[in-house]
Amino acid sequence: MKMKKGEFIALSACTMMLTALGIDIMLPVFGELKKYFHLSVNSTATAQIVTFFFLGQTAQIIFGVLSDRFGRLAILRLGFPLYIIGGTAATFAPSLALMFTARFVAGIGASAVFMTTIAGVRDRFAGDQMARTLSLIFTIFLSTPVFAPFLGLAIMSIASWHMVFLTPPLFAVIVFVWSLRLEESHPKEKRNALNWNSFTKSIRKVLSNKTFLRYTCITTALFAGLSSWVSSSEHIVSEIYRKPNLFAWIFAATGLWMALSTLTNARLSIKFGARQTIKWLLIIYTSIATILLIWSIIFGDPPQMIMFFISVAMLMGINLAVEPNSSALAMQPMGETAGIASAVYGTFFFFVGASFGSITSSLMKSSVFPIIISFFIAGIITLILVFTDKRPITSQ
């Protein structure tokens with residue numbers, strides 16, 4: 001039976017949810033991990049558990065080529081076992097080094113799932129309709145940051161942190177079985193040959209497209225701040241502001257605002273178009289980042305707790321509202337190279353963004369000023385990029 005649009009959106013949200021769940025559910029137990037591995041309370045090493053997962057997204061470039069040749073389903077069904085095996089291995093890793101390695105493998109699996117989901121949406125939709133569909137998918141999967149921290153704490157109350165780590169791969173098994181109903185969206189007659197000339201031709205086509213590069217860079221700049229927040233949020237709340245009991249509530253409230261912002265964007269992108277919407281969102285983002293920076297300079301670091309976390313919630317909400325628009329605008333001109341384009345897009349913003357985010361996280365032992373600076377720089381960069389796009393705005 002052919003999968004209807006509603007079920008496709010729900011399944012796509014759940015496949016993308018694997019990435020979020022593979023991070024958010026374990027953030028509340030980082031304190032227990034520090035004790036288990038005999039780390040100091042000020043250690044930022046646990047942030048690397050998130051970073052290595054993000055770095056596994058570099059495999060998207062390989063999966064993109066393979067999906068353009070063999071179809072989306074073959075790669076999707078390869079990603080699930082890698083995610084499940086990596087997540088299970090991380091659960092029982094005897095050292096942080098082995099845990100980082102296993103998390104990298106899980107990230108590779110998540111990259112295959114993430115890339116084929118985006119490419120599958122691109123195969124089925126285009127333009128503002130794609131932006132709206134992605135916004136709906138993101139809204140559903142962004143429910144993860146709302147409930148995941150509480151789920152992690154609930155599991156911790158009756159079991160160990162090992163069970164928290166084991167939950168994402170168990171959920172992946174369920175989604176994997178559900179995904180078997182999915183039909184191929186990239187027919188054989190549209191597939192590229194698997195050879196070096198075809199690969200280099202596709203890469204050149206992608207990297208020579210200024211629109212693709214412009215909006216990929218916008219996503220990358222914003223993701224650096226987002227990845228830094230996600231990986232360091234527990235440390236910021238528990239160690240810098242010394243309110244560990246509030247972590248789950250703060251992270252969930254931020255996640256709820258992110259989901260609402262993405263849902264709002266689904267309406268805005270249809271009414272005003274993706275390009276107009278992204279311009280106004282980035283103006284607001286940069287304004288908030290600038291105010292937070294000036295506030296911190298005048299009144300000291302760290303800024304007042306309420307001021308900081310309200311600002312972060314607003315910035316993260318705008319960040320996730322921008323992403324479906326930038327993704328749609330980047331992917332719009334790609335056509336039959338959607339697989340490799342999605343792979344380059346995902347690889348670039350995950351790898352580069354996570355790398356810069358990791359640097360920012362490592363600097364926040366007792367200060368939040370590094371992440372405030374990263375928000376401001378990202379805002380300036382993205383404003384320049386979006387306002388130098390001089391193409392005429394047309395309905396899509």
# chains A, B, ... in the order shown; residues from 1 in each chain; ligands from 1
call {"tool": "closest_atom_pairs", "arguments": {"of": "region 58-88 of chain A", "to": "region 164-174 of chain A", "cutoff": "7 Å", "atoms": "only C-alpha atoms", "output": "tab-separated table"}}
result
residue	atom	partner	partner_atom	distance
A:Phe80	CA	A:Ala172	CA	6.8
A:Tyr83	CA	A:Pro169	CA	6.7
A:Ile84	CA	A:Pro169	CA	4.5
A:Gly87	CA	A:Pro169	CA	5.6
A:Thr88	CA	A:Leu166	CA	5.9
call {"tool": "write_last_selection", "arguments": {"atoms": "C-alpha atoms", "output": "PDB file, in the first residue's frame"}}
result
ATOM      1  CA  PHE A  80      19.951   1.987  10.645  1.00  0.00           C
ATOM      2  CA  TYR A  83      23.284   3.651  14.221  1.00  0.00           C
ATOM      3  CA  ILE A  84      22.039   0.703  16.289  1.00  0.00           C
ATOM      4  CA  GLY A  87      24.778   3.277  19.949  1.00  0.00           C
ATOM      5  CA  THR A  88      24.894  -0.113  21.624  1.00  0.00           C
TER       6      THR A  88
END
call {"tool": "residues_around", "arguments": {"residues": "Lys365 (chain A)", "least_positions_apart": "4", "cutoff": "10 Å", "atoms": "only C-alpha atoms", "output": "number ranges by chain"}}
result
A: 41-44, 232, 235-236, 239-240, 361
call {"tool": "write_last_selection", "arguments": {"atoms": "C-alpha atoms", "output": "compact mmCIF listing (two decimals), in the first residue's frame"}}
result
# COMPACT_ATOMS: atom_id res chain seq x y z
CA VAL A 41 33.38 18.69 37.51
CA ASN A 42 34.80 21.46 35.28
CA SER A 43 35.80 19.01 32.56
CA THR A 44 34.34 19.68 29.10
CA SER A 232 27.63 22.47 26.52
CA HIS A 235 27.80 22.25 31.75
CA ILE A 236 26.48 25.81 31.41
CA GLU A 239 28.54 24.26 36.51
CA ILE A 240 28.57 27.88 35.32
CA SER A 361 32.56 24.48 23.92
call {"tool": "residues_around", "arguments": {"residues": "Ile61 (chain A)", "least_positions_apart": "4", "cutoff": "10 Å", "atoms": "only C-alpha atoms", "output": "VMD selection string"}}
result
chain A and resid 57 65 to 66 111 to 112 115 203 339 to 348
call {"tool": "closest_residue", "arguments": {"among": "A:Leu136, A:Asn245, A:Pro333, A:Lys35", "to": "Leu207 (chain A)", "atoms": "only C-alpha atoms"}}
result
A:Pro333
call {"tool": "atom_distance", "arguments": {"atom1": "CA of Thr277 (chain A)", "atom2": "CA of Ala321 (chain A)"}}
result
9.3 Å
call {"tool": "residues_around", "arguments": {"residues": "region 222-225 of chain A", "least_positions_apart": "4", "cutoff": "8 Å", "atoms": "only C-alpha atoms", "output": "list in words"}}
result
Ile218, Trp229, Asn319, Phe349, Phe350, Val352, Gly353, Ala354, Ser355, Phe356, Gly357, Ile371, Ser374, Phe375, Ala378, Gly379 and Thr382 of chain A
call {"tool": "atom_distance", "arguments": {"atom1": "CA of Arg242 (chain A)", "atom2": "CA of Met305 (chain A)"}}
result
10.4 Å
call {"tool": "closest_residue", "arguments": {"among": "A:Thr51, A:Thr216, A:Thr117, A:Ser238", "to": "Thr101 (chain A)", "atoms": "only C-alpha atoms"}}
result
A:Thr51
call {"tool": "closest_residue", "arguments": {"among": "A:Arg122, A:Lys205, A:Arg132, A:Arg103", "to": "Lys271 (chain A)", "atoms": "only C-alpha atoms"}}
result
A:Arg132
call {"tool": "atom_distance", "arguments": {"atom1": "CA of Leu292 (chain A)", "atom2": "CA of Val146 (chain A)"}}
result
24.2 Å
call {"tool": "select_by_dssp", "arguments": {"residues": "region 219-369 of chain A", "states": "alpha helix (DSSP H)", "output": "ChimeraX atom specification"}}
result
/A:219-235,247-272,274-299,305-331,338-362,369
call {"tool": "write_last_selection", "arguments": {"atoms": "C-alpha atoms", "output": "short mmCIF file (atom, residue, chain, number, x, y, z; two decimals), in the first residue's frame"}}
result
data_model
loop_
_atom_site.label_atom_id
_atom_site.label_comp_id
_atom_site.auth_asym_id
_atom_site.auth_seq_id
_atom_site.Cartn_x
_atom_site.Cartn_y
_atom_site.Cartn_z
CA THR A 219 23.21 26.91 7.83
CA THR A 220 26.82 26.13 8.77
CA ALA A 221 27.38 29.43 10.58
CA LEU A 222 24.20 29.00 12.61
CA PHE A 223 24.87 25.33 13.34
CA ALA A 224 28.21 26.20 14.98
CA GLY A 225 26.31 28.05 17.69
CA LEU A 226 23.61 25.41 17.96
CA SER A 227 26.07 22.51 18.32
CA SER A 228 28.01 24.43 20.95
CA TRP A 229 24.81 25.06 22.93
CA VAL A 230 23.64 21.45 22.72
CA SER A 231 26.98 19.93 23.73
CA SER A 232 27.63 22.47 26.52
CA SER A 233 24.12 23.13 27.82
CA GLU A 234 24.42 20.75 30.78
CA HIS A 235 27.80 22.25 31.75
CA PHE A 247 18.72 21.78 33.40
CA ALA A 248 15.92 19.54 32.09
CA TRP A 249 13.38 22.36 32.39
CA ILE A 250 15.60 24.92 30.64
CA PHE A 251 16.54 22.54 27.84
CA ALA A 252 12.93 21.42 27.38
CA ALA A 253 11.61 24.98 27.34
CA THR A 254 14.21 25.90 24.74
CA GLY A 255 13.25 22.85 22.68
CA LEU A 256 9.56 23.75 22.88
CA TRP A 257 10.28 27.25 21.62
CA MET A 258 12.38 25.77 18.80
CA ALA A 259 9.50 23.52 17.75
CA LEU A 260 6.99 26.39 17.83
CA SER A 261 9.36 28.59 15.83
CA THR A 262 9.76 25.92 13.17
CA LEU A 263 5.99 25.43 12.97
CA THR A 264 5.52 29.19 12.59
CA ASN A 265 8.09 29.18 9.82
CA ALA A 266 6.01 26.61 7.92
CA ARG A 267 3.25 29.23 7.69
CA LEU A 268 5.58 32.15 6.98
CA SER A 269 7.43 30.36 4.17
CA ILE A 270 4.14 29.69 2.38
CA LYS A 271 2.80 33.24 2.86
CA PHE A 272 5.97 35.24 2.16
CA ALA A 274 11.48 31.17 1.85
CA ARG A 275 13.82 34.02 0.85
CA GLN A 276 11.82 36.84 2.37
CA THR A 277 11.22 34.84 5.54
CA ILE A 278 14.89 33.97 6.02
CA LYS A 279 15.92 37.63 5.67
CA TRP A 280 13.66 38.81 8.47
CA LEU A 281 14.55 35.87 10.69
CA LEU A 282 18.26 36.62 10.36
CA ILE A 283 17.73 40.32 11.09
CA ILE A 284 16.01 39.34 14.34
CA TYR A 285 18.68 36.73 15.13
CA THR A 286 21.53 39.22 14.70
CA SER A 287 19.71 41.87 16.72
CA ILE A 288 19.24 39.50 19.67
CA ALA A 289 22.87 38.31 19.47
CA THR A 290 24.09 41.91 19.41
CA ILE A 291 21.98 42.89 22.43
CA LEU A 292 23.22 39.85 24.37
CA LEU A 293 26.84 40.68 23.52
CA ILE A 294 26.51 44.34 24.56
CA TRP A 295 24.67 43.31 27.75
CA SER A 296 27.49 40.91 28.66
CA ILE A 297 30.17 43.50 28.02
CA ILE A 298 28.41 46.14 30.14
CA PHE A 299 27.07 44.01 33.00
CA MET A 305 20.60 33.90 34.08
CA ILE A 306 17.12 34.87 32.85
CA MET A 307 18.58 37.22 30.25
CA PHE A 308 20.98 34.59 28.94
CA PHE A 309 18.59 31.66 28.66
CA ILE A 310 15.73 33.69 27.15
CA SER A 311 18.18 34.99 24.55
CA VAL A 312 19.50 31.50 23.84
CA ALA A 313 15.97 30.12 23.46
CA MET A 314 15.06 32.86 20.99
CA LEU A 315 18.29 32.36 19.02
CA MET A 316 17.87 28.59 18.87
CA GLY A 317 14.25 28.99 17.78
CA ILE A 318 15.23 31.29 14.93
CA ASN A 319 18.11 28.96 14.07
CA LEU A 320 15.78 26.01 13.56
CA ALA A 321 13.25 28.17 11.71
CA VAL A 322 15.94 29.30 9.26
CA GLU A 323 17.25 25.79 8.52
CA PRO A 324 14.29 24.48 6.47
CA ASN A 325 14.38 27.67 4.37
CA SER A 326 18.13 27.56 3.81
CA SER A 327 17.94 23.84 3.04
CA ALA A 328 15.13 24.35 0.52
CA LEU A 329 16.91 27.29 -1.13
CA ALA A 330 20.20 25.40 -1.30
CA MET A 331 18.62 22.25 -2.73
CA ALA A 338 19.83 15.99 -5.05
CA GLY A 339 21.56 13.03 -3.38
CA ILE A 340 25.12 14.34 -3.71
CA ALA A 341 23.93 17.90 -3.03
CA SER A 342 22.20 16.78 0.17
CA ALA A 343 25.38 14.93 1.13
CA VAL A 344 27.63 17.95 0.55
CA TYR A 345 25.12 20.16 2.36
CA GLY A 346 24.90 17.87 5.39
CA THR A 347 28.61 17.05 5.50
CA PHE A 348 29.66 20.68 5.32
CA PHE A 349 27.33 22.14 7.91
CA PHE A 350 27.65 19.21 10.32
CA PHE A 351 31.44 18.84 10.08
CA VAL A 352 32.44 22.49 9.87
CA GLY A 353 29.70 23.66 12.21
CA ALA A 354 30.39 20.95 14.80
CA SER A 355 34.15 21.60 14.63
CA PHE A 356 33.74 25.30 15.38
CA GLY A 357 31.10 24.45 17.97
CA SER A 358 33.55 22.07 19.66
CA ILE A 359 36.18 24.81 19.84
CA THR A 360 33.64 27.15 21.42
CA SER A 361 32.56 24.48 23.92
CA SER A 362 36.16 23.80 24.97
CA PHE A 369 31.25 34.66 26.61
#
call {"tool": "closest_residue", "arguments": {"among": "A:Ser179, A:Gln332, A:Thr133, A:Thr116", "to": "Asp68 (chain A)", "atoms": "only C-alpha atoms"}}
result
A:Thr116
